[in-house]
Amino acid sequence: MTEQPRRPVATYETYQEAERAVDHLSDQGFPVERVAIIGQDVRLVEQVVGRMDYGRAALHGAASGALPGALIGWLFGLLDWVDPLVSALLVALYGLIFGAIVGALFGLLLHALQGGRRDFASVRSMQPSRYDVVVDEAVADEAVRLLGGLRTTGVGGRPAHT
């Protein structure tokens, strides 16, 4: 399978605008399997959401360990590996409690091992500065024509430099 050469037909500042353009092409009967949305100039953004101390480290660890513990306990209960009279829900509850305790201990341990180098919690995301709508070269002129009739909101929706 060979990849078709592609050409940018429009550039948008938000993903929603690029998505709206592709939806417009789809509504017009354009072969959207020949379209891609490509984020350009990607940067890593780390948003700090709060201070991390031993209590929060234990809480985050407990939350991370509770679900896997409950799932493993539930599976043990379903397969009757522990005792045929013990219900799967009861073993799942024990697994949840055990997973939360083990997770809290690991959270405390990892926070202590960092030695105060990272006393904050954060969320990381990748954010492109713009989104290019690209199409196969063979149908690019048709895409440009169809997108010409699309009204854009705000500052997005400019033709791509070709």
# chains A, B, ... in the order shown; residues from 1 in each chain; ligands from 1
call {"tool": "residues_around", "arguments": {"residues": "range 59-65 of chain A", "least_positions_apart": "4", "cutoff": "8 Å", "atoms": "only C-alpha atoms", "output": "mmCIF file with all heavy atoms, in the first residue's frame"}}
result
data_model
loop_
_atom_site.group_PDB
_atom_site.id
_atom_site.type_symbol
_atom_site.label_atom_id
_atom_site.label_comp_id
_atom_site.auth_asym_id
_atom_site.auth_seq_id
_atom_site.Cartn_x
_atom_site.Cartn_y
_atom_site.Cartn_z
ATOM 1 N N GLY A 55 0.110 13.491 52.718
ATOM 2 C CA GLY A 55 -1.304 13.125 52.725
ATOM 3 C C GLY A 55 -1.861 12.956 51.317
ATOM 4 O O GLY A 55 -2.564 11.982 51.026
ATOM 5 N N GLY A 69 -7.048 -3.407 42.632
ATOM 6 C CA GLY A 69 -7.299 -4.374 43.710
ATOM 7 C C GLY A 69 -8.703 -4.941 43.639
ATOM 8 O O GLY A 69 -8.912 -6.149 43.813
ATOM 9 N N LEU A 96 -10.389 -4.240 46.945
ATOM 10 C CA LEU A 96 -10.398 -2.784 46.915
ATOM 11 C C LEU A 96 -9.681 -2.218 48.132
ATOM 12 O O LEU A 96 -8.837 -1.330 48.004
ATOM 13 C CB LEU A 96 -11.839 -2.273 46.862
ATOM 14 C CG LEU A 96 -11.992 -0.766 46.769
ATOM 15 C CD1 LEU A 96 -12.969 -0.426 45.659
ATOM 16 C CD2 LEU A 96 -12.487 -0.205 48.077
ATOM 17 N N GLY A 99 -5.929 -3.110 47.863
ATOM 18 C CA GLY A 99 -5.305 -2.293 46.824
ATOM 19 C C GLY A 99 -5.122 -0.850 47.268
ATOM 20 O O GLY A 99 -4.104 -0.222 46.979
ATOM 21 N N ALA A 100 -6.115 -0.303 47.988
ATOM 22 C CA ALA A 100 -6.008 1.076 48.471
ATOM 23 C C ALA A 100 -4.873 1.199 49.492
ATOM 24 O O ALA A 100 -4.111 2.173 49.464
ATOM 25 C CB ALA A 100 -7.329 1.520 49.073
ATOM 26 N N ILE A 101 -4.755 0.226 50.374
ATOM 27 C CA ILE A 101 -3.695 0.271 51.387
ATOM 28 C C ILE A 101 -2.317 0.157 50.727
ATOM 29 O O ILE A 101 -1.406 0.950 51.010
ATOM 30 C CB ILE A 101 -3.898 -0.841 52.447
ATOM 31 C CG1 ILE A 101 -5.140 -0.525 53.278
ATOM 32 C CG2 ILE A 101 -2.667 -0.989 53.329
ATOM 33 C CD1 ILE A 101 -5.579 -1.668 54.173
ATOM 34 N N VAL A 102 -2.164 -0.808 49.828
ATOM 35 C CA VAL A 102 -0.875 -0.984 49.150
ATOM 36 C C VAL A 102 -0.556 0.243 48.297
ATOM 37 O O VAL A 102 0.581 0.732 48.291
ATOM 38 C CB VAL A 102 -0.879 -2.273 48.291
ATOM 39 C CG1 VAL A 102 0.342 -2.351 47.393
ATOM 40 C CG2 VAL A 102 -0.950 -3.493 49.203
ATOM 41 N N GLY A 103 -1.552 0.780 47.612
ATOM 42 C CA GLY A 103 -1.347 1.976 46.793
ATOM 43 C C GLY A 103 -0.936 3.167 47.635
ATOM 44 O O GLY A 103 -0.059 3.949 47.249
ATOM 45 N N ALA A 104 -1.574 3.338 48.793
ATOM 46 C CA ALA A 104 -1.216 4.447 49.682
ATOM 47 C C ALA A 104 0.220 4.307 50.167
ATOM 48 O O ALA A 104 0.966 5.299 50.216
ATOM 49 C CB ALA A 104 -2.184 4.501 50.862
ATOM 50 N N LEU A 105 0.618 3.089 50.508
ATOM 51 C CA LEU A 105 1.997 2.866 50.956
ATOM 52 C C LEU A 105 2.997 3.176 49.836
ATOM 53 O O LEU A 105 4.024 3.810 50.079
ATOM 54 C CB LEU A 105 2.168 1.437 51.461
ATOM 55 C CG LEU A 105 1.435 1.115 52.768
ATOM 56 C CD1 LEU A 105 1.557 -0.370 53.095
ATOM 57 C CD2 LEU A 105 1.961 1.976 53.902
ATOM 58 N N PHE A 106 2.691 2.736 48.606
ATOM 59 C CA PHE A 106 3.577 3.046 47.485
ATOM 60 C C PHE A 106 3.612 4.546 47.215
ATOM 61 O O PHE A 106 4.666 5.105 46.902
ATOM 62 C CB PHE A 106 3.143 2.296 46.220
ATOM 63 C CG PHE A 106 3.752 0.929 46.097
ATOM 64 C CD1 PHE A 106 2.947 -0.195 46.097
ATOM 65 C CD2 PHE A 106 5.123 0.764 45.972
ATOM 66 C CE1 PHE A 106 3.501 -1.455 45.984
ATOM 67 C CE2 PHE A 106 5.688 -0.483 45.859
ATOM 68 C CZ PHE A 106 4.865 -1.607 45.872
ATOM 69 N N GLY A 107 2.473 5.221 47.308
ATOM 70 C CA GLY A 107 2.435 6.668 47.108
ATOM 71 C C GLY A 107 3.298 7.393 48.125
ATOM 72 O O GLY A 107 4.050 8.318 47.774
ATOM 73 N N LEU A 108 3.209 6.978 49.380
ATOM 74 C CA LEU A 108 4.044 7.572 50.425
ATOM 75 C C LEU A 108 5.525 7.309 50.164
ATOM 76 O O LEU A 108 6.362 8.204 50.292
ATOM 77 C CB LEU A 108 3.656 7.008 51.795
ATOM 78 C CG LEU A 108 2.370 7.540 52.407
ATOM 79 C CD1 LEU A 108 1.992 6.730 53.636
ATOM 80 C CD2 LEU A 108 2.517 9.005 52.753
#
call {"tool": "select_by_dssp", "arguments": {"residues": "chain A", "states": "helix (DSSP H, G or I)", "output": "MDAnalysis selection string"}}
result
chainID A and resid 15:27 32:34 54:79 88:113 137:148
call {"tool": "atom_distance", "arguments": {"atom1": "CA of Pro128 in chain A", "atom2": "CA of Val49 in chain A"}}
result
21.3 Å
call {"tool": "residues_around", "arguments": {"residues": "Arg6 in chain A", "least_positions_apart": "6", "cutoff": "8 Å", "atoms": "only C-alpha atoms", "output": "PDB file with N, CA, C and O atoms, in the first residue's frame"}}
result
ATOM      1  N   VAL A 134      -5.285  18.396   5.669  1.00  0.00           N
ATOM      2  CA  VAL A 134      -4.573  17.970   4.468  1.00  0.00           C
ATOM      3  C   VAL A 134      -5.384  16.894   3.764  1.00  0.00           C
ATOM      4  O   VAL A 134      -6.093  16.116   4.410  1.00  0.00           O
ATOM      5  N   VAL A 135      -5.286  16.885   2.442  1.00  0.00           N
ATOM      6  CA  VAL A 135      -6.014  15.894   1.644  1.00  0.00           C
ATOM      7  C   VAL A 135      -5.078  15.338   0.579  1.00  0.00           C
ATOM      8  O   VAL A 135      -4.033  15.930   0.269  1.00  0.00           O
ATOM      9  N   ASP A 136      -5.468  14.208   0.017  1.00  0.00           N
ATOM     10  CA  ASP A 136      -4.692  13.630  -1.075  1.00  0.00           C
ATOM     11  C   ASP A 136      -4.621  14.628  -2.218  1.00  0.00           C
ATOM     12  O   ASP A 136      -5.600  15.320  -2.528  1.00  0.00           O
ATOM     13  N   GLU A 137      -3.478  14.699  -2.851  1.00  0.00           N
ATOM     14  CA  GLU A 137      -3.238  15.663  -3.930  1.00  0.00           C
ATOM     15  C   GLU A 137      -4.283  15.559  -5.039  1.00  0.00           C
ATOM     16  O   GLU A 137      -4.718  16.566  -5.601  1.00  0.00           O
TER      17      GLU A 137
END
call {"tool": "residues_around", "arguments": {"residues": "range 20-23 of chain A", "least_positions_apart": "3", "cutoff": "12 Å", "atoms": "only C-alpha atoms", "output": "VMD selection string"}}
result
chain A and resid 9 to 12 14 to 17 26 to 37 131 to 135 143 to 144 146 to 153 156 to 159
